[in-house]
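Visitor: Got a structure for you, written out below as structure tokens; questions coming shortly.
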Amino acid sequence: MPSTTASWARPIKSFEEIPLVFKEHIDQSEILPYIIYSPPDHWGERRTNAKLACLYQERIVILEVIENKVTTLCYLFKDINSIEQGTMLLYSWVGIHGDIDGKLSFSILEYNSVVAVYFHPLVRGIRQSHFISNSIGDNRNLAKLDYLNILNYKFFNYSHDAILSGEEIMQTVYQPTIYEKNLFFCTRIVTLGHLMILTDKELIIIKEELIKEKGKSNINNGGVWVYIPLHKISSITIDSNERMNVITLVVSVKQNDVSLIFSSIKLPDLEALIKEFKNLYKSDS
């Protein structure tokens, strides 16, 4: 995590503001894209290199200084399989999973949570590139999230922030944290709380993160949002589990499967979500 304000990410508003090491890699004959500069940080808990994230109309380019040389990764929006945005106290990140020249690639942009607002346009731009909104007004059907207001107010807020205008909620499945007895009176966590939201455009997974602070674990201040375009999902299946009271849901995206553990009582809800996904998949094919 960037340790001082000097190492915090910031937007670039003119070609003159681009650091010299990156200038030759930016075509100044084009209109200036949305650019975020992340200065190097060699003193913080997490060491980071200097990076430049450039958001164009159809692609995002990640430039990074590694051993005094600039490496370039260019992700076309159509080749991005999923995008992840996470927050753990003051440490935040955006992860991009995609294909470059037919090969799977992953890039991560790390930043202080104080400047998270600069990274929201990156995530939103990539997500919106996968669908065109023909709707007028708000058709998100947010009422389908109202039950979370009673069960878990944090997930209620997280879920509302995750839905974009132009997509409609089809199914949701919320799983609270599952504990099991371990060694007499002790318990251990089987899975942290998570929420799946199937919209007509993408699958959204919101997960709690376990944070260690002053020797204690805390799950109240961390969250991860994963956004997967529907056309990038090859299948959603339910696997058997050794424990009789839990089941595992597997979302297959290229070679980057996402597995989530649910209580067995959630089986009807998960089957309904899978059925709706298949219906959407057929309508898009």
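Residues are referred to by chain and number: the chain letter is A, B, ... according to the order shown in the structure tokens, the number counts from 1 in that chain, and ligands are numbered separately from 1 in the order shown.
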Could you find all residues in stretch 78-269 of chain A that DSSP calls strand (DSSP E or B) from the backbone, and write them as a PyMOL selection string?
Guide: chain A and resi 80-88+91-100+103-112+169-175+178-181+187-191+194-199+202-208+211-213+216-218+222-229+235-239+246-252+258-263
Visitor: Please provide as an MDAnalysis selection string all residues within 12 Å of stretch 109-112 of chain A, with the sequence filter that same-chain residues fewer than 4 positions apart are discarded (counting only C-alpha atoms).
Guide: chainID A and resid 1:10 36:41 44:54 61:64 83:97 116:119 122:123
Visitor: Of the candidates A:Met170, A:Ile35, A:Leu273, A:Ile228, which one gets nearest to A:His130 if we count only C-alpha atoms?
Guide: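 For A:His130, the nearest of the candidates is A:Ile228.
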Visitor: Nearest residue to A:Lys144 out of A:Ile205, A:Ile178, A:Leu260, A:Ile169, using only C-alpha atoms?
Guide: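 Ranking A:Ile205, A:Ile178, A:Leu260, A:Ile169 by distance to A:Lys144, first place goes to A:Ile169.
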Visitor: Check stretch 42-235 of chain A with DSSP on the backbone and list each residue it calls alpha helix (DSSP H), as a list of chain:residue names.
Guide: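 Matching residues, listed in order: A:His120, A:Pro121, A:Leu122, A:Val123, A:Arg124, A:Gly125, A:Ile126, A:Arg127, A:Gln128, A:Leu148, A:Asn149, A:Ile150, A:Leu151, A:Tyr153, A:Lys154, A:Phe155, A:Phe156, A:Asn157, A:Tyr158, A:Ser159, A:His160, A:Asp161, A:Ala162.
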Visitor: Store the residues picked out above, limited to N, CA and C atoms, as an mmCIF file, in the first residue's frame.
Guide:
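Just written: part_30.cif:
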data_model
loop_
_atom_site.group_PDB
_atom_site.id
_atom_site.type_symbol
_atom_site.label_atom_id
_atom_site.label_comp_id
_atom_site.auth_asym_id
_atom_site.auth_seq_id
_atom_site.Cartn_x
_atom_site.Cartn_y
_atom_site.Cartn_z
ATOM 1 N N HIS A 120 -12.582 4.370 -10.001
ATOM 2 C CA HIS A 120 -13.947 3.985 -10.366
ATOM 3 C C HIS A 120 -14.223 4.152 -11.863
ATOM 4 N N PRO A 121 -13.758 5.226 -12.530
ATOM 5 C CA PRO A 121 -13.996 5.339 -13.975
ATOM 6 C C PRO A 121 -13.346 4.221 -14.781
ATOM 7 N N LEU A 122 -12.201 3.693 -14.321
ATOM 8 C CA LEU A 122 -11.566 2.566 -15.008
ATOM 9 C C LEU A 122 -12.473 1.340 -14.965
ATOM 10 N N VAL A 123 -12.929 1.004 -13.768
ATOM 11 C CA VAL A 123 -13.777 -0.181 -13.592
ATOM 12 C C VAL A 123 -15.096 -0.005 -14.344
ATOM 13 N N ARG A 124 -15.698 1.158 -14.205
ATOM 14 C CA ARG A 124 -16.981 1.413 -14.862
ATOM 15 C C ARG A 124 -16.828 1.396 -16.385
ATOM 16 N N GLY A 125 -15.744 1.981 -16.903
ATOM 17 C CA GLY A 125 -15.532 2.006 -18.351
ATOM 18 C C GLY A 125 -15.398 0.615 -18.944
ATOM 19 N N ILE A 126 -14.661 -0.258 -18.255
ATOM 20 C CA ILE A 126 -14.488 -1.635 -18.733
ATOM 21 C C ILE A 126 -15.807 -2.397 -18.661
ATOM 22 N N ARG A 127 -16.522 -2.245 -17.553
ATOM 23 C CA ARG A 127 -17.790 -2.959 -17.399
ATOM 24 C C ARG A 127 -18.805 -2.520 -18.448
ATOM 25 N N GLN A 128 -18.939 -1.230 -18.649
ATOM 26 C CA GLN A 128 -19.937 -0.727 -19.587
ATOM 27 C C GLN A 128 -19.604 -1.075 -21.032
ATOM 28 N N LEU A 148 -31.716 -7.552 1.899
ATOM 29 C CA LEU A 148 -30.400 -7.418 2.511
ATOM 30 C C LEU A 148 -30.380 -6.326 3.575
ATOM 31 N N ASN A 149 -31.299 -5.398 3.481
ATOM 32 C CA ASN A 149 -31.368 -4.308 4.458
ATOM 33 C C ASN A 149 -31.575 -4.843 5.872
ATOM 34 N N ILE A 150 -32.222 -6.000 5.961
ATOM 35 C CA ILE A 150 -32.459 -6.642 7.264
ATOM 36 C C ILE A 150 -31.358 -7.646 7.594
ATOM 37 N N LEU A 151 -30.938 -8.427 6.598
ATOM 38 C CA LEU A 151 -29.975 -9.505 6.847
ATOM 39 C C LEU A 151 -28.553 -8.998 7.042
ATOM 40 N N TYR A 153 -26.686 -5.136 6.422
ATOM 41 C CA TYR A 153 -26.754 -3.784 5.874
ATOM 42 C C TYR A 153 -25.501 -3.434 5.064
ATOM 43 N N LYS A 154 -24.370 -4.027 5.427
ATOM 44 C CA LYS A 154 -23.140 -3.780 4.666
ATOM 45 C C LYS A 154 -23.288 -4.288 3.240
ATOM 46 N N PHE A 155 -23.781 -5.513 3.093
ATOM 47 C CA PHE A 155 -23.982 -6.058 1.743
ATOM 48 C C PHE A 155 -25.088 -5.301 1.003
ATOM 49 N N PHE A 156 -26.042 -4.793 1.744
ATOM 50 C CA PHE A 156 -27.090 -3.971 1.129
ATOM 51 C C PHE A 156 -26.461 -2.758 0.448
ATOM 52 N N ASN A 157 -25.560 -2.090 1.128
ATOM 53 C CA ASN A 157 -24.878 -0.935 0.543
ATOM 54 C C ASN A 157 -23.922 -1.348 -0.563
ATOM 55 N N TYR A 158 -23.151 -2.410 -0.318
ATOM 56 C CA TYR A 158 -22.207 -2.891 -1.330
ATOM 57 C C TYR A 158 -22.919 -3.223 -2.639
ATOM 58 N N SER A 159 -24.057 -3.876 -2.530
ATOM 59 C CA SER A 159 -24.766 -4.328 -3.731
ATOM 60 C C SER A 159 -25.342 -3.156 -4.518
ATOM 61 N N HIS A 160 -25.856 -2.158 -3.824
ATOM 62 C CA HIS A 160 -26.406 -0.997 -4.525
ATOM 63 C C HIS A 160 -25.323 -0.244 -5.287
ATOM 64 N N ASP A 161 -24.135 -0.172 -4.697
ATOM 65 C CA ASP A 161 -23.030 0.509 -5.373
ATOM 66 C C ASP A 161 -22.562 -0.252 -6.608
ATOM 67 N N ALA A 162 -22.839 -1.557 -6.655
ATOM 68 C CA ALA A 162 -22.292 -2.401 -7.720
ATOM 69 C C ALA A 162 -23.115 -2.395 -9.001
#
